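This is upload.cif. It holds mmCIF, C-alpha atoms.
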data_data
loop_
_atom_site.label_atom_id
_atom_site.label_comp_id
_atom_site.auth_asym_id
_atom_site.auth_seq_id
_atom_site.Cartn_x
_atom_site.Cartn_y
_atom_site.Cartn_z
CA MET A 22 59.48 67.38 -0.82
CA LYS A 23 58.55 69.90 1.83
CA ILE A 24 55.55 69.72 4.18
CA ILE A 25 54.40 71.38 7.39
CA CYS A 26 51.88 69.75 9.73
CA SER A 27 50.95 69.77 13.41
CA LYS A 28 52.63 67.29 15.72
CA SER A 29 49.29 65.81 16.82
CA SER A 30 48.14 65.18 13.25
CA LEU A 31 51.48 63.65 12.20
CA LEU A 32 51.79 61.53 15.34
CA THR A 33 48.28 60.11 14.96
CA GLY A 34 48.99 59.27 11.32
CA VAL A 35 52.36 57.65 11.99
CA GLN A 36 50.98 55.63 14.93
CA THR A 37 48.05 54.45 12.79
CA VAL A 38 50.11 53.13 9.88
CA SER A 39 52.91 51.76 12.11
CA LYS A 40 50.57 48.89 12.98
CA ALA A 41 51.28 47.46 9.49
CA VAL A 42 55.08 47.60 9.84
CA PRO A 43 56.52 44.08 10.28
CA ASN A 44 58.63 43.28 13.35
CA LYS A 45 61.05 41.15 11.33
CA THR A 46 61.61 41.24 7.58
CA THR A 47 64.36 40.59 5.07
CA MET A 48 63.11 43.53 2.96
CA SER A 49 64.28 46.75 4.63
CA ILE A 50 61.84 48.88 2.59
CA LEU A 51 58.96 47.21 4.48
CA GLU A 52 60.37 48.64 7.72
CA CYS A 53 59.57 52.11 6.35
CA ILE A 54 56.58 54.42 6.25
CA LEU A 55 55.96 56.04 2.88
CA VAL A 56 55.19 59.77 2.93
CA ASP A 57 53.55 60.63 -0.40
CA THR A 58 52.36 64.14 -1.32
CA THR A 59 52.15 63.77 -5.11
CA ASN A 60 48.33 63.88 -5.25
CA GLY A 61 47.87 67.09 -3.28
CA GLU A 62 47.36 65.39 0.08
CA ILE A 63 49.74 64.07 2.73
CA LYS A 64 49.35 60.30 2.62
CA LEU A 65 51.19 57.92 4.96
CA THR A 66 51.40 54.21 4.08
CA ALA A 67 52.85 51.06 5.66
CA ASN A 68 52.60 47.56 4.21
CA ASP A 69 53.94 44.20 5.37
CA MET A 70 52.49 42.42 2.28
CA GLU A 71 49.77 40.78 4.41
CA LEU A 72 48.35 43.92 6.01
CA GLY A 73 48.56 47.44 4.60
CA ILE A 74 47.37 50.70 6.19
CA GLU A 75 47.07 54.09 4.50
CA THR A 76 45.93 57.32 6.14
CA VAL A 77 45.66 60.95 5.05
CA ILE A 78 46.68 63.72 7.46
CA GLN A 79 46.10 67.46 7.43
CA GLY A 80 48.98 69.78 6.65
CA GLU A 81 50.52 72.16 4.13
CA ILE A 82 52.36 70.86 1.05
CA ILE A 83 55.00 73.36 -0.08
CA GLU A 84 56.80 70.98 -2.43
CA GLN A 85 55.42 67.64 -3.63
CA GLY A 86 57.34 64.37 -3.50
CA THR A 87 57.70 60.96 -1.83
CA ILE A 88 60.09 59.55 0.77
CA ALA A 89 60.27 56.25 2.67
CA LEU A 90 61.41 56.73 6.29
CA ASP A 91 62.37 54.08 8.84
CA ALA A 92 59.13 53.61 10.80
CA LYS A 93 60.65 53.14 14.26
CA ILE A 94 63.00 56.13 14.05
CA PHE A 95 60.30 58.31 12.45
CA LEU A 96 57.75 57.45 15.16
CA ASP A 97 60.25 57.94 18.00
CA ILE A 98 61.32 61.35 16.65
CA VAL A 99 57.77 62.63 16.14
CA ARG A 100 56.69 61.37 19.55
CA LYS A 101 59.48 63.28 21.35
CA LEU A 102 59.25 66.57 19.46
CA PRO A 103 57.55 69.62 21.08
CA ASP A 104 53.79 70.12 20.59
CA ASN A 105 54.06 72.45 17.63
CA ASP A 106 54.22 72.47 13.83
CA ILE A 107 56.72 70.04 12.29
CA THR A 108 58.50 70.71 8.99
CA ILE A 109 59.80 67.81 6.90
CA VAL A 110 62.17 68.54 4.00
CA THR A 111 63.85 65.99 1.69
CA ASP A 112 66.41 66.38 -1.09
CA ASP A 113 67.35 64.32 -4.18
CA SER A 114 69.70 62.09 -2.18
CA TYR A 115 66.85 61.22 0.28
CA LYS A 116 68.40 63.22 3.13
CA THR A 117 65.49 64.23 5.34
CA SER A 118 65.37 66.99 7.91
CA ILE A 119 62.61 66.99 10.53
CA THR A 120 62.36 70.32 12.37
CA CYS A 121 60.16 71.52 15.22
CA GLU A 122 60.87 74.73 17.16
CA LYS A 123 64.60 74.54 17.97
CA ALA A 124 64.91 70.77 17.49
CA LYS A 125 66.24 69.47 14.17
CA PHE A 126 66.85 65.84 13.14
CA ASN A 127 68.62 64.74 9.96
CA ILE A 128 68.01 61.16 8.80
CA ILE A 129 68.50 59.27 5.55
CA GLY A 130 65.36 58.01 3.85
CA LYS A 131 64.85 55.68 0.90
CA SER A 132 63.34 56.12 -2.53
CA GLY A 133 59.57 55.91 -2.51
CA GLU A 134 59.67 54.10 -5.87
CA ASP A 135 60.81 50.87 -4.19
CA PHE A 136 57.86 50.89 -1.79
CA SER A 137 55.06 48.34 -2.19
CA TYR A 138 51.81 50.28 -2.50
CA LEU A 139 48.55 48.76 -1.29
CA PRO A 140 46.86 46.43 -3.79
CA GLU A 141 44.12 47.99 -5.90
CA ILE A 142 40.77 46.74 -4.62
CA GLU A 143 37.61 47.06 -6.67
CA LYS A 144 35.05 48.68 -4.41
CA ASN A 145 31.97 46.81 -5.55
CA ASP A 146 30.98 44.34 -2.84
CA CYS A 147 30.52 46.35 0.36
CA ILE A 148 28.79 46.25 3.76
CA VAL A 149 28.46 49.15 6.21
CA VAL A 150 28.66 48.93 10.03
CA SER A 151 29.29 51.55 12.70
CA GLN A 152 32.80 51.88 14.13
CA PHE A 153 31.33 51.07 17.54
CA THR A 154 29.79 47.82 16.29
CA LEU A 155 32.93 46.58 14.55
CA LYS A 156 35.15 47.44 17.53
CA GLU A 157 32.74 45.68 19.91
CA VAL A 158 32.28 42.54 17.83
CA VAL A 159 36.05 42.11 17.54
CA ARG A 160 36.48 42.60 21.31
CA GLN A 161 33.75 40.03 21.99
CA THR A 162 35.31 37.28 19.84
CA ILE A 163 39.04 37.88 19.26
CA PHE A 164 40.14 36.09 22.46
CA SER A 165 39.02 32.73 21.01
CA ILE A 166 41.41 32.64 18.05
CA ALA A 167 44.39 30.29 18.22
CA ASP A 168 47.86 31.70 18.95
CA ASN A 169 49.89 29.16 17.01
CA GLU A 170 50.10 28.90 13.24
CA ASN A 171 49.55 25.10 13.13
CA ASN A 172 46.06 25.64 11.75
CA LYS A 173 46.00 28.90 9.85
CA LEU A 174 42.19 29.08 9.77
CA MET A 175 42.06 29.11 13.59
CA THR A 176 44.23 32.27 13.65
CA GLY A 177 41.47 34.19 11.86
CA GLU A 178 37.79 34.98 12.32
CA LEU A 179 34.94 33.97 10.06
CA PHE A 180 32.87 36.88 8.74
CA GLU A 181 29.66 35.38 7.37
CA ILE A 182 27.01 37.60 5.79
CA GLU A 183 23.50 36.24 5.29
CA ASN A 184 20.95 38.77 4.04
CA ASP A 185 20.91 41.43 6.79
CA VAL A 186 22.98 39.59 9.43
CA LEU A 187 26.73 39.57 9.98
CA LYS A 188 27.96 36.59 11.98
CA VAL A 189 31.50 36.64 13.38
CA VAL A 190 33.02 33.36 14.62
CA SER A 191 36.33 32.45 16.26
CA LEU A 192 37.59 29.16 17.68
CA ASP A 193 40.80 27.64 19.02
CA GLY A 194 39.94 23.97 19.52
CA HIS A 195 38.79 24.43 23.12
CA ARG A 196 36.04 27.02 22.67
CA ILE A 197 33.94 28.85 20.12
CA SER A 198 32.76 32.47 20.21
CA ILE A 199 29.91 33.65 17.99
CA ARG A 200 28.36 37.10 17.67
CA LYS A 201 25.52 38.07 15.35
CA ILE A 202 24.81 41.66 14.31
CA GLY A 203 21.83 43.02 12.44
CA LEU A 204 22.81 45.12 9.40
CA LYS A 205 20.80 48.10 8.15
CA ASN A 206 20.60 46.68 4.61
CA THR A 207 20.39 43.28 2.94
CA TYR A 208 23.53 42.00 1.23
CA ASN A 209 24.65 39.06 -0.89
CA ASN A 210 25.64 36.01 1.12
CA ARG A 211 29.38 35.72 1.65
CA LYS A 212 31.93 33.94 3.86
CA VAL A 213 35.53 35.11 4.40
CA VAL A 214 38.20 34.39 7.02
CA VAL A 215 39.95 37.56 8.22
CA PRO A 216 43.35 37.30 9.99
CA GLY A 217 43.11 37.93 13.73
CA LYS A 218 46.12 40.28 13.54
CA THR A 219 44.24 42.49 11.06
CA LEU A 220 41.16 42.69 13.27
CA SER A 221 43.22 43.30 16.39
CA GLU A 222 45.07 46.23 14.76
CA ILE A 223 41.88 47.71 13.26
CA SER A 224 40.10 47.65 16.60
CA LYS A 225 42.97 49.72 18.08
CA ILE A 226 42.59 52.37 15.36
CA LEU A 227 38.78 52.60 15.37
CA SER A 228 37.36 55.46 17.43
CA GLY A 229 34.39 53.33 18.49
CA ASP A 230 32.02 56.16 17.54
CA MET A 231 28.42 55.02 17.07
CA ASP A 232 27.81 57.77 14.48
CA LYS A 233 30.81 56.96 12.27
CA ASP A 234 30.68 54.14 9.75
CA VAL A 235 33.15 51.60 8.44
CA HIS A 236 32.77 50.50 4.82
CA ILE A 237 33.97 46.92 4.35
CA PHE A 238 34.76 45.73 0.81
CA PHE A 239 35.46 42.15 -0.23
CA THR A 240 37.31 40.46 -3.08
CA ASP A 241 38.32 36.79 -3.41
CA LYS A 242 41.70 37.40 -1.78
CA HIS A 243 41.41 40.68 0.15
CA ILE A 244 39.25 42.61 2.58
CA LEU A 245 39.33 46.42 2.74
CA PHE A 246 38.15 48.58 5.65
CA GLU A 247 37.56 52.27 4.97
CA PHE A 248 36.84 54.73 7.79
CA ASP A 249 37.66 58.34 8.67
CA ASP A 250 40.73 59.15 6.51
CA THR A 251 42.12 55.62 6.78
CA VAL A 252 42.14 52.55 4.54
CA VAL A 253 43.19 49.10 5.80
CA VAL A 254 43.73 46.28 3.29
CA SER A 255 44.40 42.72 4.38
CA ARG A 256 44.85 39.40 2.69
CA LEU A 257 42.19 36.87 3.61
CA ILE A 258 43.05 33.42 4.98
CA GLU A 259 42.33 30.90 2.27
CA GLY A 260 40.49 27.64 2.87
CA GLU A 261 37.08 26.51 4.01
CA TYR A 262 36.17 27.39 7.60
CA PHE A 263 35.03 24.73 10.06
CA LYS A 264 31.42 23.53 9.94
CA ILE A 265 30.54 24.97 13.32
CA GLU A 266 26.79 24.28 13.04
CA GLN A 267 27.56 20.61 13.69
CA MET A 268 29.25 21.54 16.97
CA LEU A 269 26.36 23.64 18.28
CA SER A 270 24.02 21.11 19.84
CA SER A 271 20.78 22.46 21.29
CA ASP A 272 20.33 19.43 23.59
CA TYR A 273 20.86 19.97 27.28
CA GLU A 274 20.27 18.12 30.54
CA THR A 275 20.88 21.09 32.83
CA LYS A 276 19.90 24.74 32.35
CA ILE A 277 21.09 27.39 34.78
CA ILE A 278 20.14 31.05 35.10
CA ILE A 279 22.72 32.98 37.09
CA ASN A 280 23.86 36.53 37.83
CA LYS A 281 26.78 37.17 35.48
CA LYS A 282 28.66 39.59 37.73
CA GLU A 283 28.49 37.21 40.71
CA LEU A 284 29.78 34.29 38.67
CA LEU A 285 32.58 36.34 37.10
CA SER A 286 33.71 37.73 40.48
CA CYS A 287 33.67 34.26 42.00
CA ILE A 288 35.80 32.67 39.24
CA ASP A 289 38.12 35.69 39.37
CA ARG A 290 38.66 35.08 43.10
CA ALA A 291 39.29 31.39 42.49
CA THR A 292 42.16 32.19 40.09
CA LEU A 293 44.02 33.94 42.92
CA LEU A 294 45.15 30.46 43.94
CA VAL A 295 46.46 29.50 40.50
CA LYS A 296 50.11 30.12 39.70
CA GLU A 297 50.95 31.21 36.18
CA GLY A 298 51.35 28.20 33.94
CA ASP A 299 49.27 25.96 36.24
CA LYS A 300 46.31 24.34 34.55
CA LYS A 301 43.97 24.01 37.50
CA PRO A 302 40.27 23.67 36.66
CA VAL A 303 37.51 25.45 38.52
CA ILE A 304 35.03 22.73 39.53
CA ILE A 305 31.36 23.64 39.33
CA ASP A 306 28.91 21.55 41.36
CA VAL A 307 25.26 22.30 40.55
CA ARG A 308 22.66 21.10 43.00
CA ASP A 309 19.05 22.27 43.35
CA THR A 310 19.10 26.07 43.72
CA SER A 311 22.82 26.62 44.22
CA MET A 312 26.10 26.34 42.37
CA GLN A 313 29.25 25.57 44.33
CA LEU A 314 32.59 26.59 42.82
CA LYS A 315 35.76 24.89 44.07
CA MET A 316 39.43 25.47 43.36
CA ASN A 317 42.26 23.32 44.70
CA SER A 318 45.87 24.17 43.99
CA THR A 319 49.32 23.92 45.58
CA VAL A 320 48.70 27.39 47.06
CA GLY A 321 45.46 26.47 48.81
CA SER A 322 41.79 25.83 48.24
CA MET A 323 38.64 27.88 47.91
CA ASP A 324 34.96 27.18 47.66
CA GLU A 325 32.04 29.53 47.24
CA GLU A 326 28.32 29.16 46.68
CA ILE A 327 26.07 31.17 44.32
CA ASP A 328 22.28 31.12 44.13
CA ILE A 329 20.90 29.98 40.79
CA GLU A 330 17.70 29.01 39.03
CA LYS A 331 18.00 25.47 37.67
CA GLU A 332 16.10 23.23 35.31
CA GLY A 333 17.07 19.58 34.86
CA LYS A 334 19.73 17.40 36.45
CA ASP A 335 22.46 18.08 39.01
CA ILE A 336 25.91 18.16 37.44
CA LYS A 337 29.56 18.38 38.48
CA ILE A 338 31.88 19.70 35.78
CA GLY A 339 35.34 21.31 35.48
CA PHE A 340 36.49 24.18 33.27
CA ASN A 341 39.60 26.16 32.51
CA PRO A 342 38.74 29.31 34.53
CA LYS A 343 40.34 31.63 31.94
CA PHE A 344 37.95 30.45 29.23
CA LEU A 345 34.93 31.22 31.41
CA ILE A 346 36.33 34.62 32.42
CA ASP A 347 37.06 35.60 28.79
CA ALA A 348 33.47 34.90 27.76
CA LEU A 349 31.79 36.42 30.82
CA ARG A 350 33.76 39.68 30.53
CA VAL A 351 32.32 40.48 27.10
CA ILE A 352 28.69 39.60 27.81
CA GLU A 353 26.65 42.68 28.72
CA ASP A 354 23.57 40.87 30.12
CA GLU A 355 22.95 41.01 33.85
CA GLU A 356 21.68 37.43 33.93
CA ILE A 357 23.04 34.67 31.74
CA VAL A 358 21.80 31.21 30.81
CA ILE A 359 24.20 28.24 30.80
CA TYR A 360 23.29 24.95 29.12
CA MET A 361 25.10 21.70 30.01
CA VAL A 362 24.69 18.05 28.99
CA ASN A 363 27.24 16.03 31.01
CA PRO A 364 30.76 16.46 32.48
CA LYS A 365 32.38 15.44 29.16
CA ALA A 366 30.27 17.58 26.81
CA PRO A 367 30.70 21.30 26.03
CA CYS A 368 28.65 23.92 27.85
CA PHE A 369 26.94 26.80 26.07
CA ILE A 370 26.38 30.33 27.30
CA LYS A 371 23.84 31.99 25.00
CA ASP A 372 20.94 34.40 24.96
CA GLU A 373 17.46 33.54 23.71
CA GLU A 374 17.88 35.25 20.31
CA GLN A 375 21.36 33.68 19.98
CA THR A 376 22.96 37.07 19.26
CA TYR A 377 25.87 35.55 21.19
CA ILE A 378 26.93 31.95 21.74
CA TYR A 379 30.00 30.92 23.72
CA MET A 380 30.84 27.21 23.68
CA ILE A 381 33.46 25.95 26.14
CA LEU A 382 34.81 22.42 26.41
CA PRO A 383 35.10 21.02 29.95
CA VAL A 384 38.33 19.61 31.43
CA ASN A 385 38.86 16.42 33.37
CA PHE A 386 39.43 16.66 37.10
CA ILE A 387 40.01 14.33 40.01
CA ASN A 388 36.79 14.03 41.96
CA VAL A 389 37.53 14.82 45.61
CA ASP A 390 34.49 15.46 47.80
#

Take the structure in this file and express it as structure tokens.
Amino acid sequence: MKIICSKSSLLTGVQTVSKAVPNKTTMSILECILVDTTNGEIKLTANDMELGIETVIQGEIIEQGTIALDAKIFLDIVRKLPDNDITIVTDDSYKTSITCEKAKFNIIGKSGEDFSYLPEIEKNDCIVVSQFTLKEVVRQTIFSIADNENNKLMTGELFEIENDVLKVVSLDGHRISIRKIGLKNTYNNRKVVVPGKTLSEISKILSGDMDKDVHIFFTDKHILFEFDDTVVVSRLIEGEYFKIEQMLSSDYETKIIINKKELLSCIDRATLLVKEGDKKPVIIDVRDTSMQLKMNSTVGSMDEEIDIEKEGKDIKIGFNPKFLIDALRVIEDEEIVIYMVNPKAPCFIKDEEQTYIYMILPVNFINVD
């Protein structure tokens, strides 16, 4: 095989597919990126058997062939080469030379025949969203997935399609994030759970361009994202997702309208007194037309007051400040509405149309006035 391509094109391609290279594996071939030029285009592929990414880059094919190259070494070499055209040549014994200007690297590759190609996905069932929309909806929900693998379903996000609405849901046992997006067309109803890792990696690759689309295809076991010159295939998480409708009560005893930026800044300041690893709640005391926020820790204490509009009862309630900050950071509205029932029940931050809903469970605190 012999190809010539620009450094920028090759680097972008290698960085894109590297996101599907596993950190640890017993199969050394999975630590490689496949370079395949047999179909008249330069295709790069990586696959960890759960997530696979394939991208096509521009360049000149002088001699067709395939080679599997160690992803880390390949990426490091390309990254450090001069900004000029790169020539890659392989021979029958998989020796590979990578040349750019006066720099030349020789490395040993592996046979492309041993590489696991991406699964064939029938492209029948498909929805279309803009790259901007998908990137945003992942950013606005991904923080609520669970880190640990104890409950596999919590490590993914629910994609639920009903007619012309896509609903994306994540939860970790302490909070729920929901975003609803209007689609341009009407589709068959469908529910799938997509691994958080997949969505996190895709959102890094997406340009976020409003004018560029992502085609999303579904099968019983896989989801496929197609955009620009890139294809991402991921296994779905099997099992039935949680019945979240039962958790979303519309009852409330207290309704607050508040400036989002003021509240976010105030909670942000309160966390200055919290050492890493400390689980200190921010205590919110709602009375009449003001909300008082208090933080007590081993470092010191802070209290601050914010003007609000209130309907209903006074309430004193504690929250993990990080959970509030995560939700507030991704809400674009200038004013937000918070609904609360009592100090033991979850609070809801949602807009009137319910295009977003953030549910956060309160935490217990020692009442010191």

Practice prompt. Taking the file as shown, find all residues satisfying the PyMOL selection byres ((chain A and resi 99) around 12) and write them as JSON, numbers by chain.
Written response: {"A": [26, 27, 28, 29, 30, 31, 32, 33, 34, 35, 36, 92, 93, 94, 95, 96, 97, 98, 100, 101, 102, 103, 104, 105, 106, 107, 108, 109, 119, 120, 121, 124, 125, 126]}

Worksheet item: By how many Å are atom CA of A:Asn209 and atom CA of A:Ser271 apart?
Response: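 Interatomic distance here is 28.0 Å.
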
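Taking all atoms listed in the file into account, A:Ile277 lies nearest to A:Cys368 out of the set A:Cys368, A:Val215, A:Ala291, A:Val253.
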
Item to complete: Given the file shown, determine the residues that the PyMOL selection byres ((chain A and resi 165-178) around 7) selects; report them as a PyMOL selection string.
Response: chain A and resi 162-164+179-180+189-193+196-198+214-217+258+262

Practice prompt. To verify the selection step, state as a PyMOL selection string which residues the PyMOL selection byres ((chain A and resi 38-55) around 10) yields on this input.
Written response: chain A and resi 33-37+56-58+64-76+87-96+130-138+218-219+221-223+225-226+251-255

Worksheet item: Could you pull the residues within 8 Å of A:Ile83, counting only C-alpha atoms, minus those fewer than 3 positions along the same chain, as an MDAnalysis selection string?
Response: chainID A and resid 22:25

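Near (40.4, 22.0, 34.0), the residues inside the 6 Å limit, counting only C-alpha atoms, come to Lys301, Pro302, Gly339, Phe340, Asn341, Val384 and Asn385 of chain A.
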
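For the choices A:Ser286, A:Asn363, A:Thr117, A:Ser228, the atom-to-atom distance to A:Pro383 is smallest for A:Asn363 when using only C-alpha atoms.
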
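Here atom CA of A:Thr154 stands at a distance of 9.3 Å from atom CA of A:Val235.
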
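Among the candidate residues A:Leu294, A:Ile357, A:Asn127, A:Gly80, the one lying nearest to A:Gly321 is A:Leu294, with distances computed using all atoms listed in the file.
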
Worksheet item: Taking (22.8, 12.8, 31.3) in the file's coordinates as the center, which residues reach within 9 Å of it, counting all atoms listed in the file, put as a PyMOL selection string?
Response: chain A and resi 273-275+334+336+362-364

For stretch 277-297 of chain A of the block above, can you save N, CA, C and O atoms as a CSV table (one decimal), in the first residue's frame?
chain,number,residue,atom,x,y,z
A,277,ILE,N,-41.2,28.8,42.6
A,277,ILE,CA,-40.3,30.0,42.7
A,277,ILE,C,-39.9,30.4,41.3
A,277,ILE,O,-39.5,29.5,40.5
A,278,ILE,N,-39.9,31.7,41.0
A,278,ILE,CA,-39.3,32.2,39.7
A,278,ILE,C,-38.1,33.0,40.1
A,278,ILE,O,-38.1,33.8,41.0
A,279,ILE,N,-37.0,32.6,39.5
A,279,ILE,CA,-35.7,33.2,39.9
A,279,ILE,C,-34.8,33.5,38.7
A,279,ILE,O,-34.9,32.8,37.7
A,280,ASN,N,-33.9,34.4,38.9
A,280,ASN,CA,-32.9,34.7,37.8
A,280,ASN,C,-31.8,33.6,37.8
A,280,ASN,O,-31.2,33.3,38.9
A,281,LYS,N,-31.7,32.9,36.7
A,281,LYS,CA,-30.8,31.7,36.7
A,281,LYS,C,-29.4,32.1,36.9
A,281,LYS,O,-28.7,31.4,37.7
A,282,LYS,N,-28.9,33.1,36.3
A,282,LYS,CA,-27.5,33.5,36.5
A,282,LYS,C,-27.1,33.9,37.9
A,282,LYS,O,-26.1,33.5,38.4
A,283,GLU,N,-28.1,34.6,38.6
A,283,GLU,CA,-27.8,34.9,40.0
A,283,GLU,C,-27.8,33.7,40.9
A,283,GLU,O,-26.9,33.6,41.7
A,284,LEU,N,-28.7,32.8,40.6
A,284,LEU,CA,-28.7,31.5,41.5
A,284,LEU,C,-27.4,30.7,41.2
A,284,LEU,O,-26.8,30.2,42.2
A,285,LEU,N,-27.1,30.6,39.9
A,285,LEU,CA,-25.9,29.8,39.6
A,285,LEU,C,-24.6,30.4,40.2
A,285,LEU,O,-23.8,29.7,40.8
A,286,SER,N,-24.5,31.7,40.1
A,286,SER,CA,-23.3,32.4,40.7
A,286,SER,C,-23.2,32.2,42.2
A,286,SER,O,-22.2,32.0,42.8
A,287,CYS,N,-24.4,32.3,42.8
A,287,CYS,CA,-24.5,32.2,44.3
A,287,CYS,C,-24.1,30.8,44.7
A,287,CYS,O,-23.3,30.7,45.7
A,288,ILE,N,-24.6,29.8,44.1
A,288,ILE,CA,-24.2,28.4,44.5
A,288,ILE,C,-22.7,28.1,44.2
A,288,ILE,O,-22.0,27.5,45.0
A,289,ASP,N,-22.3,28.7,43.1
A,289,ASP,CA,-20.8,28.6,42.7
A,289,ASP,C,-20.0,29.2,43.8
A,289,ASP,O,-18.9,28.6,44.2
A,290,ARG,N,-20.4,30.3,44.3
A,290,ARG,CA,-19.6,31.0,45.4
A,290,ARG,C,-19.6,30.1,46.7
A,290,ARG,O,-18.6,30.0,47.4
A,291,ALA,N,-20.8,29.5,47.0
A,291,ALA,CA,-20.9,28.7,48.2
A,291,ALA,C,-20.0,27.5,48.1
A,291,ALA,O,-19.4,27.1,49.2
A,292,THR,N,-19.7,27.0,46.9
A,292,THR,CA,-18.8,25.8,46.8
A,292,THR,C,-17.4,26.1,47.1
A,292,THR,O,-16.5,25.2,47.2
A,293,LEU,N,-17.0,27.4,47.2
A,293,LEU,CA,-15.7,27.8,47.5
A,293,LEU,C,-15.3,27.2,48.9
A,293,LEU,O,-14.1,27.0,49.2
A,294,LEU,N,-16.3,27.0,49.7
A,294,LEU,CA,-16.0,26.6,51.1
A,294,LEU,C,-16.0,25.1,51.2
A,294,LEU,O,-16.0,24.5,52.4
A,295,VAL,N,-16.2,24.4,50.1
A,295,VAL,CA,-16.3,22.9,50.2
A,295,VAL,C,-15.1,22.3,49.7
A,295,VAL,O,-14.7,22.5,48.6
A,296,LYS,N,-14.4,21.5,50.6
A,296,LYS,CA,-13.2,20.7,50.1
A,296,LYS,C,-13.6,19.6,49.3
A,296,LYS,O,-14.7,19.0,49.4
A,297,GLU,N,-12.7,19.2,48.4
A,297,GLU,CA,-13.0,18.1,47.5
A,297,GLU,C,-13.3,16.8,48.3
A,297,GLU,O,-12.6,16.5,49.3
